[in-house]
Every structure is written in structure tokens, then in C-alpha cells.
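Asker: File work.txt below, compact mmCIF, C-alpha atoms:
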```txt
# COMPACT_ATOMS: atom_id res chain seq x y z
CA MET Z 1 33.40 -1.75 -10.58
CA LYS Z 2 29.93 -0.54 -11.50
CA PHE Z 3 26.50 -0.03 -10.03
CA THR Z 4 24.17 -3.00 -10.03
CA ASP Z 5 21.34 -2.86 -12.56
CA HIS Z 6 18.63 -1.46 -10.33
CA THR Z 7 20.69 0.97 -8.28
CA LYS Z 8 19.95 4.67 -8.69
CA ILE Z 9 21.93 7.56 -7.26
CA ARG Z 10 20.59 11.06 -6.57
CA LYS Z 11 22.25 14.05 -4.99
CA GLU Z 12 20.27 15.92 -2.36
CA LYS Z 13 21.14 18.86 -0.12
CA PHE Z 14 21.72 16.56 2.85
CA GLY Z 15 23.89 14.02 1.00
CA THR Z 16 23.64 11.45 -1.74
CA VAL Z 17 20.76 9.00 -1.87
CA VAL Z 18 21.46 5.49 -3.04
CA PHE Z 19 18.29 3.65 -3.97
CA ASP Z 20 18.38 -0.07 -4.59
CA THR Z 21 15.08 -0.24 -6.42
CA LEU Z 22 15.15 -4.03 -6.49
CA THR Z 23 15.11 -4.45 -2.73
CA GLU Z 24 13.46 -1.04 -2.32
CA LYS Z 25 16.05 -0.09 0.26
CA ILE Z 26 17.44 3.40 0.48
CA PHE Z 27 20.80 4.45 1.82
CA ILE Z 28 22.36 7.83 2.31
CA THR Z 29 25.96 8.91 2.26
CA ASP Z 30 27.71 12.11 3.21
CA ARG Z 31 29.44 14.43 0.73
CA ILE Z 32 32.63 12.40 0.40
CA GLY Z 33 30.69 9.17 0.03
CA GLY Z 34 28.78 10.96 -2.72
CA GLU Z 35 32.05 11.90 -4.43
CA ILE Z 36 33.17 8.28 -4.39
CA LEU Z 37 29.85 7.20 -5.87
CA GLN Z 38 30.20 9.80 -8.60
CA LEU Z 39 33.67 8.51 -9.45
CA ILE Z 40 32.34 4.95 -9.61
CA GLU Z 41 29.57 6.19 -11.91
CA GLN Z 42 32.25 7.71 -14.16
CA GLY Z 43 33.86 4.27 -14.41
CA LYS Z 44 36.92 5.03 -12.29
CA ASP Z 45 38.65 2.08 -10.69
CA LEU Z 46 39.92 1.96 -7.12
CA PRO Z 47 43.49 3.26 -7.73
CA ASP Z 48 42.01 6.23 -9.65
CA ILE Z 49 39.63 6.94 -6.79
CA PHE Z 50 42.44 6.75 -4.20
CA ASN Z 51 44.54 9.17 -6.20
CA MET Z 52 41.76 11.63 -6.93
CA LEU Z 53 40.70 11.80 -3.28
CA ALA Z 54 44.30 12.07 -2.12
CA ASP Z 55 44.73 15.04 -4.48
CA SER Z 56 41.54 16.67 -3.17
CA TYR Z 57 42.10 16.21 0.55
CA ASP Z 58 45.03 16.60 2.89
CA GLY Z 59 45.73 13.46 4.78
CA ASP Z 60 47.56 10.19 4.88
CA LYS Z 61 47.15 8.37 1.56
CA GLN Z 62 47.11 4.96 3.22
CA MET Z 63 44.31 6.10 5.50
CA ILE Z 64 42.36 7.37 2.52
CA GLU Z 65 42.83 4.03 0.76
CA LYS Z 66 41.66 2.17 3.84
CA ASP Z 67 38.58 4.36 4.18
CA VAL Z 68 37.65 4.08 0.52
CA LEU Z 69 38.09 0.31 0.62
CA GLU Z 70 35.86 0.02 3.67
CA PHE Z 71 33.23 2.15 1.98
CA THR Z 72 33.30 0.18 -1.26
CA GLU Z 73 33.11 -3.08 0.71
CA GLN Z 74 29.94 -1.72 2.31
CA LEU Z 75 28.59 -0.92 -1.13
CA LYS Z 76 29.39 -4.43 -2.33
CA ALA Z 77 27.86 -6.06 0.75
CA ASN Z 78 24.66 -4.16 0.08
CA ASN Z 79 24.66 -5.05 -3.64
CA ILE Z 80 25.03 -1.41 -4.63
CA ILE Z 81 28.09 -2.12 -6.74
CA CYS Z 82 29.55 -5.19 -8.36
CA VAL Z 83 32.91 -5.90 -9.98
CA MET C 1 40.30 15.88 6.45
CA ASP C 2 37.83 13.35 7.61
CA ILE C 3 36.71 10.55 5.45
CA VAL C 4 36.65 7.76 7.98
CA ALA C 5 34.23 5.09 6.89
CA GLU C 6 32.06 5.55 9.97
CA ASP C 7 31.26 9.06 8.85
CA LYS C 8 30.05 7.93 5.47
CA THR C 9 26.94 6.48 6.97
CA LEU C 10 25.50 4.07 4.50
CA SER C 11 22.31 3.64 6.39
CA ARG C 12 18.94 2.27 5.51
CA LEU C 13 16.75 5.31 5.20
CA THR C 14 13.17 4.26 4.53
CA ASN C 15 10.63 2.70 4.68
CA PRO C 16 9.55 -0.74 5.82
CA GLY C 17 7.58 0.34 8.81
CA PRO C 18 7.28 1.86 12.21
CA ASP C 19 10.36 0.66 14.00
CA ASP C 20 12.37 2.79 16.36
CA GLU C 21 15.72 1.94 14.88
CA LEU C 22 14.54 3.21 11.54
CA LYS C 23 13.21 6.42 13.02
CA ALA C 24 16.59 7.01 14.64
CA ILE C 25 18.30 6.57 11.29
CA LEU C 26 15.82 8.93 9.69
CA LYS C 27 16.56 11.72 12.11
CA GLY C 28 17.55 14.80 10.14
CA THR C 29 16.43 13.43 6.82
CA ASN C 30 12.72 13.21 6.23
CA PHE C 31 10.51 13.51 3.17
CA GLU C 32 10.56 17.29 3.35
CA ASP C 33 14.30 17.28 2.71
CA TYR C 34 13.88 15.73 -0.73
CA GLU C 35 13.77 17.97 -3.76
CA SER C 36 11.48 15.58 -5.59
CA PRO C 37 9.83 12.24 -4.86
CA LEU C 38 11.85 9.05 -4.88
CA PHE C 39 8.96 6.95 -6.10
CA ILE C 40 5.84 7.36 -8.20
CA ALA C 41 2.95 4.91 -7.95
CA TRP C 42 0.88 5.47 -11.08
CA GLN C 43 -2.55 4.00 -11.62
CA LEU C 44 -2.46 4.33 -15.37
CA ASN C 45 -6.09 3.41 -16.05
CA SER C 46 -9.18 2.23 -14.29
CA ALA C 47 -10.42 -0.37 -16.77
CA CYS C 48 -10.14 -3.95 -15.62
CA ASN C 49 -11.45 -7.23 -16.96
CA LEU C 50 -11.91 -8.57 -13.42
CA GLY C 51 -14.11 -7.65 -10.49
CA CYS C 52 -11.95 -8.66 -7.55
CA LEU C 53 -13.75 -8.62 -4.22
CA HIS C 54 -10.68 -7.08 -2.53
CA CYS C 55 -9.78 -4.45 -5.15
CA CYS C 56 -8.37 -1.34 -3.43
CA GLU C 57 -9.19 0.89 -6.39
CA GLU C 58 -12.68 -0.39 -7.16
CA ALA C 59 -11.43 -0.77 -10.71
CA GLY C 60 -13.64 -1.93 -13.53
CA HIS C 61 -14.76 0.70 -16.02
CA SER C 62 -12.58 3.46 -17.45
CA MET C 63 -12.92 6.90 -15.92
CA PRO C 64 -14.35 9.37 -18.43
CA ASP C 65 -11.47 11.81 -17.90
CA GLU C 66 -8.36 9.64 -17.85
CA MET C 67 -5.11 11.20 -19.04
CA THR C 68 -4.54 10.96 -22.78
CA LYS C 69 -1.42 9.48 -24.31
CA ASP C 70 0.09 12.95 -24.80
CA GLU C 71 -0.68 13.97 -21.22
CA SER C 72 0.77 10.72 -19.95
CA LEU C 73 3.95 11.20 -21.95
CA ASP C 74 4.27 14.77 -20.69
CA PHE C 75 4.05 13.40 -17.16
CA CYS C 76 6.79 10.87 -17.98
CA ARG C 77 8.99 13.75 -19.14
CA GLN C 78 8.44 15.56 -15.86
CA VAL C 79 9.31 12.41 -13.91
CA ALA C 80 12.60 12.24 -15.79
CA ASP C 81 13.28 15.98 -15.40
CA LEU C 82 12.89 15.69 -11.63
CA LYS C 83 15.28 12.70 -11.58
CA ILE C 84 12.75 10.44 -9.93
CA PRO C 85 14.50 7.08 -9.81
CA TYR C 86 11.66 4.58 -9.57
CA ALA C 87 8.05 4.20 -10.72
CA ALA C 88 5.40 1.53 -10.57
CA ILE C 89 2.53 1.30 -13.01
CA SER C 90 -0.72 -0.36 -12.07
CA GLY C 91 -4.39 0.08 -12.94
CA GLY C 92 -7.15 -1.10 -13.26
CA GLU C 93 -5.38 -3.56 -15.48
CA PRO C 94 -2.57 -1.53 -17.05
CA LEU C 95 -2.20 -3.80 -20.06
CA LEU C 96 -5.67 -2.67 -21.15
CA CYS C 97 -4.36 0.87 -21.58
CA PRO C 98 -3.67 1.41 -25.30
CA HIS C 99 -0.57 3.54 -24.69
CA ILE C 100 1.05 1.48 -21.94
CA PHE C 101 4.07 0.56 -24.03
CA ASP C 102 4.62 4.18 -25.12
CA VAL C 103 4.62 5.17 -21.47
CA CYS C 104 6.93 2.34 -20.43
CA GLU C 105 9.36 3.07 -23.25
CA SER C 106 9.48 6.73 -22.23
CA ILE C 107 10.19 5.85 -18.60
CA ARG C 108 12.78 3.21 -19.38
CA GLY C 109 14.30 5.43 -22.04
CA ASN C 110 15.26 7.74 -19.20
CA ASN C 111 16.74 4.83 -17.23
CA ILE C 112 14.11 5.01 -14.51
CA SER C 113 13.44 1.72 -12.70
CA LEU C 114 9.98 0.48 -13.53
CA LYS C 115 7.68 -2.13 -12.05
CA ILE C 116 4.41 -3.16 -13.69
CA GLU C 117 1.60 -4.60 -11.58
CA THR C 118 -0.84 -6.73 -13.56
CA ASN C 119 -3.33 -9.55 -13.26
CA GLY C 120 -1.28 -11.33 -15.93
CA GLU C 121 -4.23 -12.27 -18.10
CA PHE C 122 -3.02 -10.36 -21.16
CA ILE C 123 0.54 -11.64 -21.06
CA ASP C 124 1.03 -14.18 -23.80
CA GLU C 125 4.40 -15.09 -25.26
CA GLU C 126 4.46 -12.01 -27.51
CA THR C 127 3.57 -9.54 -24.75
CA ALA C 128 6.05 -11.19 -22.42
CA GLY C 129 8.67 -10.56 -25.09
CA LYS C 130 7.75 -6.88 -25.27
CA LEU C 131 7.97 -6.60 -21.49
CA ALA C 132 11.32 -8.41 -21.48
CA ALA C 133 12.68 -5.93 -24.01
CA LEU C 134 11.93 -3.08 -21.60
CA LYS C 135 14.36 -4.50 -19.00
CA LEU C 136 11.97 -3.74 -16.19
CA ARG C 137 12.77 -3.80 -12.53
CA SER C 138 9.98 -6.38 -12.35
CA VAL C 139 6.55 -7.48 -13.42
CA GLN C 140 4.30 -8.24 -10.47
CA VAL C 141 1.46 -10.67 -11.16
CA SER C 142 -1.49 -11.03 -8.80
CA LEU C 143 -2.07 -14.64 -7.86
CA ASP C 144 -4.53 -15.14 -5.05
CA GLY C 145 -4.49 -18.88 -4.74
CA ALA C 146 -2.53 -22.01 -5.39
CA THR C 147 -5.55 -23.45 -7.19
CA PRO C 148 -7.92 -22.09 -9.87
CA VAL C 149 -10.99 -22.44 -7.65
CA THR C 150 -9.58 -20.29 -4.85
CA HIS C 151 -8.03 -17.64 -7.09
CA GLU C 152 -11.14 -17.28 -9.23
CA ARG C 153 -13.52 -17.14 -6.26
CA LEU C 154 -11.81 -13.97 -5.11
CA ARG C 155 -10.88 -12.55 -8.50
CA MET C 156 -14.28 -12.55 -10.18
CA GLY C 157 -13.95 -13.27 -13.88
CA GLY C 158 -10.31 -14.22 -13.42
CA ASP C 159 -8.43 -17.09 -14.98
CA TRP C 160 -5.78 -18.70 -12.78
CA GLU C 161 -4.31 -20.67 -15.67
CA LYS C 162 -3.64 -17.45 -17.62
CA ALA C 163 -2.01 -15.77 -14.63
CA VAL C 164 0.24 -18.78 -14.04
CA ALA C 165 1.06 -19.00 -17.74
CA ALA C 166 2.02 -15.30 -17.69
CA CYS C 167 4.48 -15.98 -14.87
CA ARG C 168 6.01 -18.86 -16.80
CA TYR C 169 6.40 -16.81 -20.01
CA LEU C 170 7.99 -13.95 -18.11
CA VAL C 171 10.40 -16.14 -16.16
CA GLU C 172 11.38 -17.97 -19.33
CA LEU C 173 12.32 -14.66 -20.95
CA GLY C 174 14.37 -13.56 -17.97
CA VAL C 175 11.94 -10.98 -16.61
CA ASN C 176 12.24 -10.43 -12.89
CA THR C 177 8.82 -11.77 -11.94
CA GLU C 178 7.05 -11.33 -8.64
CA ILE C 179 3.77 -12.61 -7.29
CA VAL C 180 1.52 -10.63 -5.00
CA PHE C 181 -0.92 -12.51 -2.79
CA VAL C 182 -3.71 -10.80 -0.84
CA PRO C 183 -4.89 -12.92 2.10
CA THR C 184 -8.61 -13.16 2.76
CA LYS C 185 -10.88 -15.71 4.37
CA PHE C 186 -11.20 -17.30 0.93
CA ASN C 187 -7.55 -18.01 0.24
CA ILE C 188 -5.40 -17.54 3.34
CA HIS C 189 -5.09 -21.28 3.81
CA GLU C 190 -3.29 -21.61 0.45
CA ALA C 191 -0.49 -19.14 1.15
CA GLY C 192 2.14 -21.81 1.80
CA GLU C 193 1.17 -23.83 -1.25
CA LEU C 194 1.25 -20.69 -3.40
CA ILE C 195 4.75 -19.83 -2.23
CA ASP C 196 5.90 -23.35 -3.10
CA LEU C 197 4.31 -22.98 -6.53
CA ALA C 198 6.08 -19.64 -7.01
CA TYR C 199 9.41 -21.23 -6.17
CA SER C 200 8.80 -24.08 -8.60
CA MET C 201 8.21 -21.50 -11.36
CA GLY C 202 11.42 -19.56 -10.70
CA ILE C 203 9.69 -16.47 -9.34
CA TYR C 204 11.96 -13.76 -7.90
CA GLY C 205 9.76 -12.93 -4.91
CA VAL C 206 6.36 -13.29 -3.31
CA TYR C 207 4.83 -10.21 -1.70
CA THR C 208 2.01 -10.22 0.77
CA GLY C 209 0.68 -8.61 3.94
CA LYS C 210 -2.59 -7.84 5.62
CA THR C 211 -5.45 -6.92 3.30
CA MET C 212 -6.06 -3.19 3.07
CA ARG C 213 -9.52 -2.07 4.10
CA ILE C 214 -10.01 0.34 1.23
CA GLY C 215 -11.96 0.43 -2.00
CA ARG C 216 -14.05 -2.65 -2.74
CA ALA C 217 -12.29 -4.52 0.07
CA ALA C 218 -13.84 -2.08 2.55
CA ARG C 219 -17.31 -2.80 1.23
CA ASN C 220 -16.74 -6.57 1.43
CA TRP C 221 -14.79 -6.41 4.67
CA ASP C 222 -17.04 -8.67 6.73
CA ILE C 223 -16.77 -11.53 4.29
CA LEU C 224 -13.10 -10.99 3.43
CA CYS C 225 -11.20 -10.16 6.58
CA PRO C 226 -9.38 -13.14 8.07
CA SER C 227 -9.64 -13.73 11.82
CA GLU C 228 -6.73 -12.98 14.15
CA ALA C 229 -6.15 -16.73 14.48
CA GLU C 230 -6.02 -17.10 10.69
CA TYR C 231 -3.55 -14.24 10.43
CA GLU C 232 -1.42 -15.75 13.17
CA ARG C 233 -1.19 -19.04 11.33
CA PHE C 234 -0.57 -17.15 8.06
CA PHE C 235 2.41 -15.27 9.46
CA ASP C 236 3.79 -18.52 10.90
CA VAL C 237 3.59 -20.04 7.43
CA LEU C 238 5.33 -17.00 5.96
CA ASP C 239 8.12 -17.29 8.51
CA GLU C 240 8.56 -20.96 7.65
CA LYS C 241 8.65 -20.26 3.93
CA THR C 242 10.96 -17.27 4.32
CA ALA C 243 13.45 -19.54 6.08
CA ALA C 244 12.93 -22.42 3.64
CA TYR C 245 13.65 -20.28 0.56
CA GLU C 246 16.25 -17.95 2.03
CA GLY C 247 18.80 -16.97 -0.59
CA GLU C 248 16.73 -18.53 -3.38
CA MET C 249 13.45 -16.67 -3.48
CA LYS C 250 12.38 -13.58 -1.59
CA VAL C 251 9.27 -13.92 0.57
CA TYR C 252 8.42 -10.41 1.62
CA TYR C 253 5.57 -9.53 3.89
CA TYR C 254 4.56 -6.30 5.48
CA PRO C 255 3.31 -7.20 8.96
CA TYR C 256 1.39 -3.99 9.64
CA ASP C 257 -2.17 -3.24 8.69
CA VAL C 258 -3.34 -0.06 7.04
CA ILE C 259 -4.10 1.67 10.35
CA GLU C 260 -0.59 1.04 11.65
CA GLU C 261 0.70 2.33 8.32
CA LEU C 262 -1.31 5.53 8.69
CA LYS C 263 -0.05 6.10 12.24
CA TYR C 264 3.48 5.82 10.93
CA ARG C 265 2.86 7.97 7.85
CA LEU C 266 1.35 10.74 9.92
CA GLU C 267 4.77 11.12 11.51
CA SER C 268 6.91 10.07 8.57
CA PRO C 269 5.24 10.52 5.19
CA SER C 270 7.05 8.75 2.40
CA ALA C 271 8.88 10.51 -0.43
CA SER C 272 6.39 9.23 -2.96
CA LEU C 273 3.29 10.28 -4.88
CA LEU C 274 0.24 8.31 -5.95
CA VAL C 275 -1.10 9.33 -9.36
CA VAL C 276 -4.60 8.18 -10.31
CA PRO C 277 -5.81 7.71 -13.89
CA ASN C 278 -7.23 11.22 -14.39
CA GLY C 279 -4.00 12.88 -13.31
CA LYS C 280 -5.04 13.75 -9.79
CA VAL C 281 -2.34 13.06 -7.19
CA LYS C 282 -3.20 11.55 -3.83
CA LEU C 283 -1.30 11.78 -0.57
CA ILE C 284 -1.59 8.05 0.05
CA GLY C 285 -4.00 5.29 -0.98
CA PRO C 286 -6.00 4.95 2.26
CA LEU C 287 -6.76 8.68 2.56
CA PRO C 288 -9.10 10.62 0.25
CA PHE C 289 -6.90 13.71 -0.06
CA VAL C 290 -5.74 15.00 -3.43
CA CYS C 291 -2.81 17.44 -3.46
CA GLY C 292 -2.63 18.26 -7.14
CA ASP C 293 -3.78 17.74 -10.68
CA LEU C 294 -1.25 17.01 -13.41
CA ARG C 295 -3.48 18.74 -15.94
CA GLN C 296 -3.18 22.01 -14.05
CA ASP C 297 -0.04 21.84 -11.96
CA SER C 298 3.54 20.88 -12.65
CA LEU C 299 4.87 17.81 -10.89
CA SER C 300 7.28 20.05 -9.06
CA GLN C 301 4.39 22.17 -7.73
CA ILE C 302 2.48 19.04 -6.72
CA TRP C 303 5.48 17.83 -4.74
CA ALA C 304 5.53 21.14 -2.88
CA ASN C 305 1.76 20.79 -2.26
CA TYR C 306 2.28 17.25 -0.97
CA LYS C 307 4.83 18.39 1.59
CA LYS C 308 2.47 21.08 2.87
CA ALA C 309 -0.60 18.83 2.82
CA TRP C 310 0.82 16.38 5.35
CA ARG C 311 1.07 19.28 7.81
CA ASN C 312 -2.46 20.52 7.05
CA PRO C 313 -4.70 20.33 10.17
CA GLU C 314 -7.58 18.93 8.10
CA VAL C 315 -5.43 16.02 6.93
CA ILE C 316 -4.04 15.39 10.40
CA GLU C 317 -7.47 15.49 12.02
CA PHE C 318 -9.10 13.23 9.44
CA THR C 319 -6.22 10.74 9.60
CA ARG C 320 -6.59 10.59 13.38
CA LYS C 321 -10.31 9.95 12.95
CA VAL C 322 -9.59 7.11 10.53
CA ILE C 323 -7.12 5.63 12.99
CA ALA C 324 -9.82 5.75 15.66
CA ASP C 325 -12.54 4.46 13.37
CA PRO C 326 -11.22 2.31 10.49
CA LYS C 327 -14.66 2.23 8.88
CA LEU C 328 -13.78 5.71 7.56
CA LEU C 329 -11.28 4.00 5.25
CA ALA C 330 -14.28 3.43 2.99
CA GLU C 331 -13.93 7.17 2.17
CA SER C 332 -10.53 6.62 0.56
CA ASN C 333 -11.82 6.85 -3.00
CA ASN C 334 -14.12 9.83 -2.37
CA TRP C 335 -11.39 12.27 -3.30
CA ARG C 336 -11.11 15.63 -1.56
CA GLU C 337 -8.85 18.40 -2.74
CA ILE C 338 -6.58 19.82 -0.10
```
Reformat the file's structure so that it appears as C-alpha cells.
Answerer:
Amino acid sequence: MKFTDHTKIRKEKFGTVVFDTLTEKIFITDRIGGEILQLIEQGKDLPDIFNMLADSYDGDKQMIEKDVLEFTEQLKANNIICV
Amino acid sequence: MDIVAEDKTLSRLTNPGPDDELKAILKGTNFEDYESPLFIAWQLNSACNLGCLHCCEEAGHSMPDEMTKDESLDFCRQVADLKIPYAAISGGEPLLCPHIFDVCESIRGNNISLKIETNGEFIDEETAGKLAALKLRSVQVSLDGATPVTHERLRMGGDWEKAVAACRYLVELGVNTEIVFVPTKFNIHEAGELIDLAYSMGIYGVYTGKTMRIGRAARNWDILCPSEAEYERFFDVLDEKTAAYEGEMKVYYYPYDVIEELKYRLESPSASLLVVPNGKVKLIGPLPFVCGDLRQDSLSQIWANYKKAWRNPEVIEFTRKVIADPKLLAESNNWREI
């Protein structure tokens, strides 16, 4: 899982900006979305991301997995990441 | 803990135009929230081999005080330092600038997305190879007709064959190649044919929209501006072609004219800066206001100036006057410091 060629990520005070410079579309995510993006940038795969978030936050691990999967599906659907 | 997917709003943020849905999404995050611009439009030089009737920049001769290579590279460093993700280089004709490849290498060396806008006339096989090596976001070639006669009538001194050849060289070398088409009375009837030609060449996308009444286009407005009926037919053709090439080639058009753009920008300025060849930085192409000078101010300071300038009563008042009287757009290149 990695960012597509023309995707750029930048942290701002209000969240993380995801800029698909090819389509010139901009997206924003909240803090946790930003953390996931950072982990993707570091080359982590999905199981790593599940585990790292589960360690960082209290909550049901299955729910975390579901949420992360939904988020990464959104990223894929918008050509932000590819596998 | 709350990381439900709905809360991680992955929402389109900017900037295709004045629609209410977009404004709703933008609520709470506007250009003033950004620590630096997201996009730099850089007119690298003013020299151009053509004398296009519709040129926004009135390009032709070099300005006497254009930024040197060292100054340009210092600017590139600042762009990288501020983590600006995307830049576009235009001119004049940027390939006439002797240090264009130094600048491009500096930008790409910092992994910043880069688009180059050119008339294509200096792109032979060798230059296409150099551009391909830069792994650009895209090269955008101006093609204002599906035939040499039409293209060259509008682009005085232009050579349609060279522009088309440039597209073919670039596509062959895997460069993401786009065509930009400016509709005028001279060429609007060839839009459909041009889009078909673009598809046949393997072009990534065709960009168009209403002609901007600024620069030389403002002076030639009466002979250039298509009628409402011509525009109506033009947008019908674009809709047809968009559907015909869906999923294969992007046909992008911006349906608003420059006045509608200004109305929108007055409320929602974009997170971008326009740098002209001598290092002055404009608020936006259609307005004359300059908010900084790269020779005197840091890019960071200019960004702060830009944010303030859009709230300056002089800017607001003048923009409203332009909206009421579009003839004032002819002032766009008579720069005023703010």
C-alpha cells in the first residue's frame, strides 16, 4: 500500500491535507486519519496499522480494524493510495 | 476513542468553483488556516516567440528585471522549505528561459509536483526526453485549433505542426500530456474536432473554459469574445465529448467566466500565489494587486501579506468595481502594490 505518484500529504493545524495534484482535488482528514496516512507513508501494511492504532487508543480492536478498512477504501476509491 | 470512518472526513476541499456544497465543506477551513500556499503558479519569464491575440500576460519581450538563475533557485528552495506540494511553471514561453531545467530539477528534486505550460514549439525529441526524465505531473501544450489555419490565426507566429509534434513526442516518452484550448470567435467551432485529435494522440486531458478578459485578450475582446450562442453550443460539445471519452481521456472545463471567479474568490481566496517573472507576487491574475516581492521579502512573509491583502478594503472595493464593470480587467497587468 502506497501513495499514488502525484499525491502529496501535508499536516496543518486543522488536520491533514491530502492533495491529489493530478486531479487537483484536495481532501482533508482529522487527526486520526492523518496518523493513518503517516503510517502508510512509512510503508506500514494494514495489520501493522491495526495493531499500532489499537495500542494507541482504547477500544474494540475489531471496530478499529473496520474503521481503518473503511478509511483506506475511501483512499483507494479516490486514487490516493494504491496496492 | 472515536475513529469511526464518518469522523475522518475525506472531503473535497477546494476549488472548482462557486457551488454551495463546496462552500459547506469548506466551512472552518479556508485559505487563512494554511501555514503556506498549496500551489504556486510561476510565470518564469516573459519572452515568447508568439504574439497570441488572447494572451493573458501580454507576453513577448523579456522584462528587464526578471529574476536571475540564482534568485530563481533561492525561490525554489523556499518553496521546498514551506512544503508547498505543487507548482506550475509558465511564461511567456518557459522553454525560452535559459535556466528552466535548473529550476525544474530543483523543484522535482524536492519531490514537488510540477506542471509546465508551453506552446510546445521548442519540444523536439531531445527536449521531450529531458522533460520525461523530470517525471513531471504534466506538460500542458496550448493548441488552439484542430487545423493549422485556425491555430495560427489566433497564435500569431505559431506553428501548429510543431505543437502537435511536441504532443506526440511527449506521449511517446510517457509524459502525462495535456492540451489547453482557449475558445474565441476564431476557433470555437473546432473544439470537438480538437478533442478528437487529442484522444487520437493519447493525450491525458483537454482543458478549456471561457476566455479570460485580461492582458492582450482584453484589448482584443471585441474581435475575440464568442457570442452566448457560440458558448452554448461549445459547452454542449464539451458535454458530448466528456461523455464520449469518459474513463479514457479527461475533458475538463471550467464553466465560469473571470467575473464569476472573482466573485467567488472575494469570499474564498485560494491557497495559492502567482509569481511573475521579476519576482513580484500577485493576488490573482485578473487583479492588479501585488502583495510581495521575492527580492525583498521571504516567501513566508509574502504568504502572510497575501492573507491580509484579501481583507484590505482597497482590494475589496476594486474587485467589486471590476465585477460591476469588467472593462476594468484591462488593468490586471498594471501592477499596484498593496
Asker: When you count only C-alpha atoms, which of these residues is closest to Gln38 in chain Z: Z:Lys66, Z:Phe3, Z:Glu73, Z:Tyr57?
Answerer: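 Nearest candidate to Gln38 in chain Z out of Z:Lys66, Z:Phe3, Z:Glu73, Z:Tyr57: Z:Phe3.
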Asker: Can you tell me how far CA of Leu37 in chain Z sits from CA of Glu24 in chain Z, in Å to one decimal?
Answerer: 18.7 Å
Asker: Show me, as a ChimeraX atom specification, the residues that have an atom within 12 Å of Lys11 in chain Z when counting only C-alpha atoms, minus same-chain residues fewer than 2 positions from it.
Answerer: /Z:8-9,13-19,27-35,37-38 /C:33-36,38,82-85
Asker: For chain Z, which residue out of C:Lys321, C:Lys241, C:Arg137, C:Lys263 is the nearest one, using only C-alpha atoms?
Answerer: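 Of C:Lys321, C:Lys241, C:Arg137, C:Lys263, the one nearest chain Z, counting only C-alpha atoms, is C:Arg137.
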Asker: Pick out the residues sitting within 8 Å of Phe50 in chain Z, and hand them over as a list of chain:residue names; count only C-alpha atoms, and ignore anything fewer than 6 positions along from it in its own chain.
Answerer: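 Result of the neighbour search: Z:Lys61, Z:Ile64, Z:Glu65, Z:Val68.
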Asker: Give the answer as one residue: which of Z:Ile26, Z:Val83, Z:Leu39, Z:Leu46 has the shortest atom-to-atom distance to Thr4 in chain Z, using only C-alpha atoms?
Answerer: Z:Val83
Asker: Can you tell me how far CA of Tyr204 in chain C sits from CA of Cys104 in chain C, in Å to one decimal?
Answerer: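 For CA of Tyr204 in chain C relative to CA of Cys104 in chain C, the distance reads 21.0 Å.
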Asker: Can you measure CA of Pro286 in chain C to CA of Arg108 in chain C for me? One decimal in Å is fine.
Answerer: 28.7 Å
Asker: Let me make sure I understand: among C:Met201, C:Val258, C:Val79, C:Ala47, which one has the smallest atom-to-atom distance to Ile302 in chain C if we use all atoms listed in the file?
Answerer: C:Val79
Asker: With distances taken over only C-alpha atoms, which of C:Glu161, C:Glu117, C:Glu178, C:Glu172 is nearest to chain Z?
Answerer: C:Glu178
Asker: Skip Ile100 in chain C itself and residues of its chain fewer than 6 positions away, then list as a ChimeraX atom specification all residues within 10 Å of it, counting only C-alpha atoms.
Answerer: /C:44-45,69,72,89,94,106
Asker: Box in all listed atoms of range 248-252 of chain C, axis-aligned, with 8 Å more on each side; write out centre and edge lengths in Å to one decimal as AutoDock Vina command-line options.
Answerer:
```
--center_x 12.6 --center_y -14.5 --center_z -0.9 --size_x 24.3 --size_y 24.1 --size_z 21.1
```
